[in-house]
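First the structure, in the form of structure tokens, and then the observations on it.
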Amino acid sequence: MAAFGSVFMPEMAISWFDGEQWSGTDVVPSNSLQLHPGAHVLHYSSTCFEGLKAFRHEDGSIKIFRMDRNIARLAQSSQLLSLPEVDKDLLADMIKTIVARFAADVPARPGSMYIRPTHIGTEAAVGKAAAPSLSSCMYVLLSPVGDYFAGGDRALRLLVDDEGMRCPPHMGMVKSGGNYAGALMPTLKAKAEYKADQVLFCPNGDVQETGAANFLLIDGDEIITKALDSSFLHGVTRDSILTLARDLGMKVSERELSVDELLERAAKPGTEAALSGTAAVLAPVGTLIHHGKDIAIGSGGVGSTTVKLRKALNDLQWGVSEDKFGWLTSI
């Protein structure tokens, strides 16, 4: 497969809000989006998006994973960005319509169809730096993707930044392109200077998240992760993993985690860490880089609990195990 998210289906679902109502679901060529150069999104970053997946089961059926949760989060992001209110039923129809149209292209296991709903402000008004866009556009792109770990399951290296933050605290719950842009420069710097894969942002010593994923610390049968607040993204994969962990009898502690406690626990044999997200589900973390020093987490390799939890979620997504939580939507 090509690089993740770099190949797209030739058509997308789209709807326009004219200031009063949504236009309904249309299917158009994926390269046909037209915007005025003065569009609000191009100047004031009035944009948010989601990432979810559709899976092909052994019986040939196609299931979308946790669509309702992603729709709710896009609606929340839109509200926090003062974009026009999302019609949740319309967005559900857009997602199901375009996935059904390309059902034959949904890859078999271990691949999947990545789904990218996006909401952007379209009003042509460069004088509205402090005012919202009254018109907007929602579209849904599809991208077939392969196994995230096809090149080998490798434990990641994280630079622990105990000063910087990924984004302004009031923007953490918004899945917006601006937040990712803000994390890009420190991430590139960490890669160049320390061969780090990501930066773990820990402002004032508070362990939060990386530029593109939530962080989980696994100490024996306990998962420790930051309690939900407005400063970081409320990951759907994070919630799914924590739910499965509880179902497997693990203890889940959603609370404040300091850098000092993280480093202390990381030194213990058997400790693991992972990043959760739509693409990788759970990516193992083997090394923390703190003040120029490499610190192994447990063995420094891929942890068995991380693999077990990732398999539990993958098995549910591909229909190998029972969907006891009602997370799969049929098309």
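Labels used: A, B, ... for chains in the order of the structure tokens, numbers from 1 for residues in each chain, and numbers from 1 for ligands as shown.
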Exercise for the section: Using only C-alpha atoms, determine which residues lie at most 9 Å from Gly220 (chain A), disregarding the query and same-chain residues fewer than 4 positions distant; provide the list as a list in words. Expected result: Met250, Gly270, Thr271, Glu272 and Thr305 of chain A
Emit the selected residues as a JSON list (two decimals), in the first residue's frame, including N, CA and C atoms.
```json
[["chain", "number", "residue", "atom", "x", "y", "z"],
["A", 250, "MET", "N", -8.89, -5.18, 33.83],
["A", 250, "MET", "CA", -7.81, -4.27, 34.19],
["A", 250, "MET", "C", -8.34, -3.06, 34.95],
["A", 270, "GLY", "N", 8.51, -4.59, 33.33],
["A", 270, "GLY", "CA", 7.13, -4.92, 32.96],
["A", 270, "GLY", "C", 6.26, -3.74, 32.63],
["A", 271, "THR", "N", 6.73, -2.51, 32.89],
["A", 271, "THR", "CA", 5.95, -1.33, 32.54],
["A", 271, "THR", "C", 5.93, -1.15, 31.03],
["A", 272, "GLU", "N", 4.81, -0.68, 30.51],
["A", 272, "GLU", "CA", 4.65, -0.43, 29.07],
["A", 272, "GLU", "C", 4.04, 0.95, 28.87],
["A", 305, "THR", "N", 0.98, -6.54, 26.92],
["A", 305, "THR", "CA", -0.36, -6.01, 27.19],
["A", 305, "THR", "C", -0.80, -5.07, 26.08]]
```
Skip Ala196 (chain A) itself and residues of its chain fewer than 6 positions away, then list as a tab-separated table (two decimals) with N, CA and C atoms, in the first residue's frame all residues within 6 Å of it, counting only C-alpha atoms.
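Wrote it out as part-v8.tsv, contents follow:
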```
chain	number	residue	atom	x	y	z
A	157	ARG	N	10.05	6.14	20.07
A	157	ARG	CA	10.84	7.01	20.94
A	157	ARG	C	10.09	8.34	21.09
A	158	LEU	N	9.85	8.75	22.34
A	158	LEU	CA	9.14	10.00	22.60
A	158	LEU	C	10.04	10.98	23.34
A	159	LEU	N	10.10	12.21	22.85
A	159	LEU	CA	10.77	13.27	23.57
A	159	LEU	C	9.79	13.87	24.58
A	190	ALA	N	12.49	17.57	17.29
A	190	ALA	CA	12.79	16.39	18.12
A	190	ALA	C	13.31	15.24	17.27
```
Handout entry: Contacts of region 56-61 of chain A at 12 Å (only C-alpha atoms; same-chain gap of 5+ positions) as a list in words
Key =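 Final neighbour list, sorted by chain and number: Val99, Ala100, Phe102, Ala103, Ala104, Asp105, Val106, Pro107, Ala108, Arg109, Pro110, Gly111, Ser112, Met113, Tyr114, Pro144, Asn314, Asp315, Leu316, Gln317, Trp318, Gly319, Val320, Ser321, Leu328, Thr329, Ser330 and Ile331 of chain A.
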Problem - Nearest candidate to Gly121 (chain A) (options A:Gly249, A:Gly178, A:Gly38, A:Gly172; using only C-alpha atoms) - result: A:Gly38
Handout entry: Length of the CA of Pro269 (chain A) to CA of Gly300 (chain A) vector [Å]
Key =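 Separation between CA of Pro269 (chain A) and CA of Gly300 (chain A): 9.6 Å.
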Practice task
Determine which residues of region 131-259 of chain A DSSP labels as strand (DSSP E) from the backbone of this structure, then write them out as a ChimeraX atom specification.
Solution key: /A:136-145,156-161,198-201,209-210,214-219,222-225,251-254
Dump C-alpha atoms for the selected residues as a PDB file, in the first residue's frame?
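Wrote again-v6.pdb, looks like this:
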```pdb
ATOM      1  CA  SER A 136     -19.637  26.260   5.395  1.00  0.00           C
ATOM      2  CA  CYS A 137     -19.009  22.954   3.652  1.00  0.00           C
ATOM      3  CA  MET A 138     -18.820  19.381   4.867  1.00  0.00           C
ATOM      4  CA  TYR A 139     -17.258  16.638   2.793  1.00  0.00           C
ATOM      5  CA  VAL A 140     -16.265  13.019   3.359  1.00  0.00           C
ATOM      6  CA  LEU A 141     -13.154  11.556   1.717  1.00  0.00           C
ATOM      7  CA  LEU A 142     -12.253   7.866   1.599  1.00  0.00           C
ATOM      8  CA  SER A 143      -8.744   6.402   1.579  1.00  0.00           C
ATOM      9  CA  PRO A 144      -8.020   2.641   1.481  1.00  0.00           C
ATOM     10  CA  VAL A 145      -5.212   1.819   3.903  1.00  0.00           C
ATOM     11  CA  LEU A 156       8.572   4.351  19.448  1.00  0.00           C
ATOM     12  CA  ARG A 157      10.837   7.008  20.937  1.00  0.00           C
ATOM     13  CA  LEU A 158       9.140   9.997  22.604  1.00  0.00           C
ATOM     14  CA  LEU A 159      10.767  13.274  23.568  1.00  0.00           C
ATOM     15  CA  VAL A 160       9.289  14.395  26.887  1.00  0.00           C
ATOM     16  CA  ASP A 161       8.717  18.153  26.675  1.00  0.00           C
ATOM     17  CA  GLN A 198       6.885  12.124  18.550  1.00  0.00           C
ATOM     18  CA  VAL A 199       6.890  14.757  21.277  1.00  0.00           C
ATOM     19  CA  LEU A 200       4.995  14.000  24.489  1.00  0.00           C
ATOM     20  CA  PHE A 201       3.730  17.402  25.580  1.00  0.00           C
ATOM     21  CA  GLU A 209      -0.614  13.851  24.685  1.00  0.00           C
ATOM     22  CA  THR A 210       1.622  13.795  21.625  1.00  0.00           C
ATOM     23  CA  ASN A 214      -3.238  10.053  23.229  1.00  0.00           C
ATOM     24  CA  PHE A 215      -0.737   8.591  25.701  1.00  0.00           C
ATOM     25  CA  LEU A 216      -1.326   5.537  27.915  1.00  0.00           C
ATOM     26  CA  LEU A 217       0.979   4.179  30.625  1.00  0.00           C
ATOM     27  CA  ILE A 218       0.531   0.486  31.480  1.00  0.00           C
ATOM     28  CA  ASP A 219       1.870  -0.679  34.848  1.00  0.00           C
ATOM     29  CA  GLU A 222      -3.348  -0.858  35.516  1.00  0.00           C
ATOM     30  CA  ILE A 223      -3.658   1.724  32.738  1.00  0.00           C
ATOM     31  CA  ILE A 224      -2.913   5.315  33.752  1.00  0.00           C
ATOM     32  CA  THR A 225      -3.904   8.194  31.473  1.00  0.00           C
ATOM     33  CA  LYS A 251      -7.816  -1.202  36.421  1.00  0.00           C
ATOM     34  CA  VAL A 252      -8.175   2.075  34.543  1.00  0.00           C
ATOM     35  CA  SER A 253      -6.992   5.233  36.299  1.00  0.00           C
ATOM     36  CA  GLU A 254      -7.957   8.462  34.548  1.00  0.00           C
TER      37      GLU A 254
END
```
Select from region 238-275 of chain A every residue with an atom at most 7 Å from any atom of region 279-285 of chain A, then for each give the shortest pair of atoms and their distance in Å to one decimal, using only C-alpha atoms, rows by chain and rising number, as CSV.
```
residue,atom,partner,partner_atom,distance
A:Ala273,CA,A:Val285,CA,5.1
A:Ala274,CA,A:Pro284,CA,4.4
A:Leu275,CA,A:Ala283,CA,5.1
```
Exercise for the section: May I have all residues of region 228-303 of chain A that DSSP, computed from the backbone, assigns to helix (DSSP H, G or I), given as a ChimeraX atom specification? Expected result: /A:236-247,259-266
Exercise for the section: Quote the spacing between CA of Gly211 (chain A) and CA of Leu35 (chain A) in Å to one decimal place. Expected result: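 Taking CA of Gly211 (chain A) as the start and CA of Leu35 (chain A) as the end point, the length is 28.4 Å.
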Fill in the blank from the handout: Shortest contact to Ile71 (chain A), candidates A:Gln34, A:Ser135, A:Asn179, A:Thr118, atoms counted only C-alpha atoms, goes to A:Thr118
Exercise for the section: Give me the residues within 10 Å of Gly182 (chain A) as a list in words, counting only C-alpha atoms and dropping any in the same chain fewer than 4 places off. Expected result: Met165, Arg166, Cys167, Pro168, Gly177, Gly178, Pro186, Thr187 and Gly211 of chain A
File of the preceding selection, C-alpha atoms, as a short mmCIF file (atom, residue, chain, number, x, y, z; two decimals), in the first residue's frame:
```cif
data_model
loop_
_atom_site.label_atom_id
_atom_site.label_comp_id
_atom_site.auth_asym_id
_atom_site.auth_seq_id
_atom_site.Cartn_x
_atom_site.Cartn_y
_atom_site.Cartn_z
CA MET A 165 2.09 22.51 25.06
CA ARG A 166 0.53 21.05 21.94
CA CYS A 167 -2.08 23.79 21.65
CA PRO A 168 -3.85 26.46 23.73
CA GLY A 177 -5.77 21.36 11.62
CA GLY A 178 -4.32 24.32 13.51
CA PRO A 186 8.67 20.88 17.79
CA THR A 187 8.11 17.37 16.42
CA GLY A 211 1.08 15.83 18.49
#
```
Exercise for the section: One decimal, Å: what's the distance from CA of Gly286 (chain A) over to CA of Val302 (chain A), could you say? Expected result: 6.8 Å
Exercise for the section: Name all residues at most 9 Å from Ile295 (chain A) (count only C-alpha atoms; drop same-chain ones fewer than 4 positions away) and give them as a list of chain:residue names. Expected result: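 In the requested format, the answer is A:Leu263, A:Ala266, A:Ala267, A:Gly286, A:Thr287, A:Leu288, A:Ile289, A:His290, A:Gly300.
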Problem - Long-range neighbours of region 90-94 of chain A as a PyMOL selection string, 8 Å cut-off, only C-alpha atoms, 3 positions minimum in chain - result: chain A and resi 13-14+24-26+67-68+71+86-87+97-98+139-140
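Of the listed residues A:Val174, A:Cys202, A:Val307, A:Met12, the one whose atoms come nearest to Ser258 (chain A) is A:Cys202, with distances taken using only C-alpha atoms.
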